[in-house]
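See below for start-v8.pdb, which holds PDB, N, CA and C atoms.
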ATOM      1  N   MET A 299     131.722 107.391  95.940
ATOM      2  CA  MET A 299     130.959 106.894  97.077
ATOM      3  C   MET A 299     129.837 106.003  96.537
ATOM      4  N   SER A 300     129.776 104.815  97.049
ATOM      5  CA  SER A 300     128.742 103.894  96.592
ATOM      6  C   SER A 300     127.423 104.172  97.299
ATOM      7  N   GLY A 301     126.332 103.686  96.710
ATOM      8  CA  GLY A 301     125.008 103.919  97.275
ATOM      9  C   GLY A 301     124.817 103.288  98.637
ATOM     10  N   GLY A 302     125.378 102.087  98.842
ATOM     11  CA  GLY A 302     125.247 101.402 100.117
ATOM     12  C   GLY A 302     125.941 102.134 101.244
ATOM     13  N   SER A 303     127.085 102.716 100.940
ATOM     14  CA  SER A 303     127.834 103.460 101.954
ATOM     15  C   SER A 303     127.077 104.712 102.374
ATOM     16  N   PHE A 304     126.467 105.383 101.406
ATOM     17  CA  PHE A 304     125.702 106.597 101.703
ATOM     18  C   PHE A 304     124.489 106.280 102.570
ATOM     19  N   ILE A 305     123.819 105.172 102.269
ATOM     20  CA  ILE A 305     122.639 104.780 103.039
ATOM     21  C   ILE A 305     123.036 104.411 104.467
ATOM     22  N   LYS A 306     124.175 103.717 104.628
ATOM     23  CA  LYS A 306     124.644 103.361 105.965
ATOM     24  C   LYS A 306     124.951 104.609 106.786
ATOM     25  N   LYS A 307     125.601 105.583 106.162
ATOM     26  CA  LYS A 307     125.928 106.822 106.865
ATOM     27  C   LYS A 307     124.662 107.587 107.236
ATOM     28  N   THR A 308     123.660 107.535 106.374
ATOM     29  CA  THR A 308     122.390 108.194 106.661
ATOM     30  C   THR A 308     121.700 107.530 107.848
ATOM     31  N   TYR A 309     121.718 106.195 107.891
ATOM     32  CA  TYR A 309     121.133 105.472 109.023
ATOM     33  C   TYR A 309     121.841 105.832 110.327
ATOM     34  N   VAL A 310     123.164 105.877 110.299
ATOM     35  CA  VAL A 310     123.928 106.202 111.505
ATOM     36  C   VAL A 310     123.596 107.629 111.958
ATOM     37  N   PHE A 311     123.536 108.559 111.023
ATOM     38  CA  PHE A 311     123.197 109.940 111.348
ATOM     39  C   PHE A 311     121.799 110.027 111.952
ATOM     40  N   LEU A 312     120.852 109.329 111.363
ATOM     41  CA  LEU A 312     119.474 109.349 111.848
ATOM     42  C   LEU A 312     119.367 108.722 113.243
ATOM     43  N   ILE A 313     120.085 107.644 113.487
ATOM     44  CA  ILE A 313     120.067 107.002 114.802
ATOM     45  C   ILE A 313     120.638 107.942 115.854
ATOM     46  N   ILE A 314     121.720 108.631 115.534
ATOM     47  CA  ILE A 314     122.319 109.573 116.484
ATOM     48  C   ILE A 314     121.352 110.700 116.812
ATOM     49  N   ILE A 315     120.704 111.260 115.795
ATOM     50  CA  ILE A 315     119.749 112.346 116.022
ATOM     51  C   ILE A 315     118.572 111.868 116.867
ATOM     52  N   LEU A 316     118.051 110.673 116.581
ATOM     53  CA  LEU A 316     116.919 110.145 117.351
ATOM     54  C   LEU A 316     117.299 109.861 118.800
ATOM     55  N   ILE A 317     118.519 109.391 119.033
ATOM     56  CA  ILE A 317     118.967 109.143 120.409
ATOM     57  C   ILE A 317     119.100 110.458 121.163
ATOM     58  N   ILE A 318     119.664 111.471 120.520
ATOM     59  CA  ILE A 318     119.810 112.782 121.166
ATOM     60  C   ILE A 318     118.443 113.368 121.496
ATOM     61  N   ASN A 319     117.516 113.328 120.547
ATOM     62  CA  ASN A 319     116.181 113.868 120.788
ATOM     63  C   ASN A 319     115.439 113.082 121.864
ATOM     64  N   SER A 320     115.551 111.757 121.834
ATOM     65  CA  SER A 320     114.879 110.939 122.843
ATOM     66  C   SER A 320     115.409 111.247 124.229
ATOM     67  N   SER A 321     116.712 111.390 124.349
ATOM     68  CA  SER A 321     117.279 111.693 125.663
ATOM     69  C   SER A 321     116.874 113.083 126.134
ATOM     70  N   ARG A 322     116.752 114.024 125.208
ATOM     71  CA  ARG A 322     116.320 115.374 125.573
ATOM     72  C   ARG A 322     114.893 115.361 126.120
ATOM     73  N   TYR A 323     113.996 114.692 125.421
ATOM     74  CA  TYR A 323     112.611 114.632 125.890
ATOM     75  C   TYR A 323     112.489 113.795 127.154
ATOM     76  N   LEU A 324     113.338 112.774 127.308
ATOM     77  CA  LEU A 324     113.314 111.979 128.524
ATOM     78  C   LEU A 324     113.732 112.823 129.725
ATOM     79  N   THR A 325     114.714 113.685 129.559
ATOM     80  CA  THR A 325     115.120 114.545 130.681
ATOM     81  C   THR A 325     113.992 115.495 131.076
ATOM     82  N   TYR A 326     113.241 115.998 130.094
ATOM     83  CA  TYR A 326     112.082 116.837 130.427
ATOM     84  C   TYR A 326     111.074 116.057 131.256
ATOM     85  N   LEU A 327     110.851 114.795 130.889
ATOM     86  CA  LEU A 327     109.882 113.967 131.609
ATOM     87  C   LEU A 327     110.388 113.602 133.001
ATOM     88  N   ILE A 328     111.685 113.332 133.117
ATOM     89  CA  ILE A 328     112.257 112.995 134.422
ATOM     90  C   ILE A 328     112.184 114.195 135.369
ATOM     91  N   GLU A 329     112.345 115.403 134.818
ATOM     92  CA  GLU A 329     112.279 116.615 135.643
ATOM     93  C   GLU A 329     110.866 116.902 136.143
ATOM     94  N   GLY A 330     109.895 116.165 135.650
ATOM     95  CA  GLY A 330     108.534 116.320 136.139
ATOM     96  C   GLY A 330     107.626 117.113 135.212
ATOM     97  N   ASN A 331     108.100 117.461 134.040
ATOM     98  CA  ASN A 331     107.273 118.188 133.086
ATOM     99  C   ASN A 331     106.451 117.172 132.298
ATOM    100  N   ASN A 332     105.226 116.928 132.713
ATOM    101  CA  ASN A 332     104.391 115.902 132.104
ATOM    102  C   ASN A 332     103.479 116.457 131.022
ATOM    103  N   SER A 333     103.997 117.356 130.221
ATOM    104  CA  SER A 333     103.237 117.922 129.123
ATOM    105  C   SER A 333     102.960 116.850 128.070
ATOM    106  N   LEU A 334     101.799 116.916 127.468
ATOM    107  CA  LEU A 334     101.435 115.964 126.420
ATOM    108  C   LEU A 334     102.407 116.053 125.247
ATOM    109  N   TYR A 335     102.904 117.245 124.968
ATOM    110  CA  TYR A 335     103.875 117.437 123.882
ATOM    111  C   TYR A 335     105.142 116.632 124.130
ATOM    112  N   TYR A 336     105.718 116.737 125.327
ATOM    113  CA  TYR A 336     106.959 116.032 125.634
ATOM    114  C   TYR A 336     106.757 114.526 125.638
ATOM    115  N   ILE A 337     105.632 114.082 126.154
ATOM    116  CA  ILE A 337     105.338 112.652 126.173
ATOM    117  C   ILE A 337     105.201 112.116 124.746
ATOM    118  N   SER A 338     104.441 112.820 123.910
ATOM    119  CA  SER A 338     104.231 112.355 122.536
ATOM    120  C   SER A 338     105.514 112.414 121.719
ATOM    121  N   MET A 339     106.323 113.453 121.895
ATOM    122  CA  MET A 339     107.576 113.541 121.140
ATOM    123  C   MET A 339     108.560 112.459 121.576
ATOM    124  N   PHE A 340     108.592 112.150 122.869
ATOM    125  CA  PHE A 340     109.453 111.067 123.344
ATOM    126  C   PHE A 340     109.016 109.735 122.739
ATOM    127  N   ILE A 341     107.726 109.471 122.761
ATOM    128  CA  ILE A 341     107.210 108.211 122.206
ATOM    129  C   ILE A 341     107.476 108.129 120.705
ATOM    130  N   LEU A 342     107.271 109.240 119.979
ATOM    131  CA  LEU A 342     107.522 109.239 118.541
ATOM    132  C   LEU A 342     109.001 109.027 118.217
ATOM    133  N   ASN A 343     109.883 109.598 119.017
ATOM    134  CA  ASN A 343     111.316 109.383 118.801
ATOM    135  C   ASN A 343     111.711 107.941 119.070
ATOM    136  N   ILE A 344     111.144 107.337 120.112
ATOM    137  CA  ILE A 344     111.440 105.935 120.406
ATOM    138  C   ILE A 344     110.905 105.034 119.289
ATOM    139  N   ILE A 345     109.696 105.317 118.813
ATOM    140  CA  ILE A 345     109.131 104.533 117.713
ATOM    141  C   ILE A 345     109.996 104.668 116.464
ATOM    142  N   GLY A 346     110.436 105.879 116.163
ATOM    143  CA  GLY A 346     111.320 106.094 115.016
ATOM    144  C   GLY A 346     112.622 105.336 115.153
ATOM    145  N   LEU A 347     113.175 105.316 116.353
ATOM    146  CA  LEU A 347     114.422 104.594 116.599
ATOM    147  C   LEU A 347     114.227 103.097 116.407
ATOM    148  N   VAL A 348     113.132 102.565 116.914
ATOM    149  CA  VAL A 348     112.844 101.136 116.766
ATOM    150  C   VAL A 348     112.640 100.776 115.290
ATOM    151  N   VAL A 349     111.918 101.617 114.556
ATOM    152  CA  VAL A 349     111.676 101.347 113.132
ATOM    153  C   VAL A 349     112.983 101.349 112.345
ATOM    154  N   ILE A 350     113.843 102.309 112.623
ATOM    155  CA  ILE A 350     115.133 102.380 111.923
ATOM    156  C   ILE A 350     115.987 101.159 112.254
ATOM    157  N   LEU A 351     116.039 100.764 113.520
ATOM    158  CA  LEU A 351     116.837  99.591 113.890
ATOM    159  C   LEU A 351     116.285  98.315 113.279
ATOM    160  N   ILE A 352     114.962  98.179 113.229
ATOM    161  CA  ILE A 352     114.368  96.986 112.600
ATOM    162  C   ILE A 352     114.653  96.969 111.111
ATOM    163  N   SER A 353     114.546  98.121 110.456
ATOM    164  CA  SER A 353     114.826  98.155 109.021
ATOM    165  C   SER A 353     116.296  97.859 108.746
ATOM    166  N   LEU A 354     117.182  98.283 109.641
ATOM    167  CA  LEU A 354     118.603  97.936 109.479
ATOM    168  C   LEU A 354     118.821  96.431 109.610
ATOM    169  N   LEU A 355     118.140  95.800 110.538
ATOM    170  CA  LEU A 355     118.303  94.370 110.740
ATOM    171  C   LEU A 355     117.771  93.568 109.555
ATOM    172  N   PHE A 356     116.648  93.986 108.992
ATOM    173  CA  PHE A 356     116.044  93.230 107.899
ATOM    174  C   PHE A 356     116.632  93.558 106.533
ATOM    175  N   ASN A 357     117.352  94.674 106.419
ATOM    176  CA  ASN A 357     117.934  95.046 105.117
ATOM    177  C   ASN A 357     119.398  94.681 104.991
ATOM    178  N   LYS A 358     119.937  93.916 105.928
ATOM    179  CA  LYS A 358     121.327  93.479 105.816
ATOM    180  C   LYS A 358     121.452  92.509 104.657
ATOM    181  N   LYS A 359     122.535  92.676 103.916
ATOM    182  CA  LYS A 359     122.740  91.782 102.758
ATOM    183  C   LYS A 359     123.856  90.801 103.007
TER     184      LYS A 359
END
Representation of the structure as structure tokens:
Amino acid sequence: MSGGSFIKKTYVFLIIILIINSSRYLTYLIEGNNSLYYISMFILNIIGLVVILISLLFNKK
């Protein structure tokens, strides 16, 4: 297994986890639970997703 393939698989795994977590916290917010915890975790997951996608775009060879 080459290093590039492992990194790509790690990015895909991380994106899937961030999407699942973001959707989970979004459902809590849609249900009306406006806890600061759920709001902050949703925002942090979205920021993490954006950072990963930007790093994927800029690290293409």
Review point. Counting only C-alpha atoms, what is within 8 Å of Ile344 of chain A, bar same-chain residues fewer than 3 positions away, as a VMD selection string?
Key: chain A and resid 316 320 340 to 341 347 to 348
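Atom pair atom N of Tyr336 of chain A / atom N of Asn319 of chain A: separated by 13.2 Å.
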Exercise for review: For atom N of Leu312 of chain A and atom C of Ser333 of chain A, quote the distance in Å rounded to one decimal.
Suggested key: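 About the pair atom N of Leu312 of chain A and atom C of Ser333 of chain A: they are 25.6 Å apart.
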Exercise for review: Rounded to one decimal place, report the atom CA of Lys358 of chain A-atom CA of Ile317 of chain A distance in Å.
Suggested key: 21.5 Å
Exercise for review: Pull the helix (DSSP H, G or I) assignments for chain A out of DSSP run on the backbone, and list those residues as a PyMOL selection string.
Suggested key: chain A and resi 301-328+334-356
As JSON, please: the centre and edge lengths in Å, to one decimal, of an axis-aligned box enclosing every listed atom of segment 331-348 of chain A with 3 Å added on each side.
{"center_x": 107.9, "center_y": 109.5, "center_z": 124.5, "size_x": 19.0, "size_y": 23.4, "size_z": 25.0}
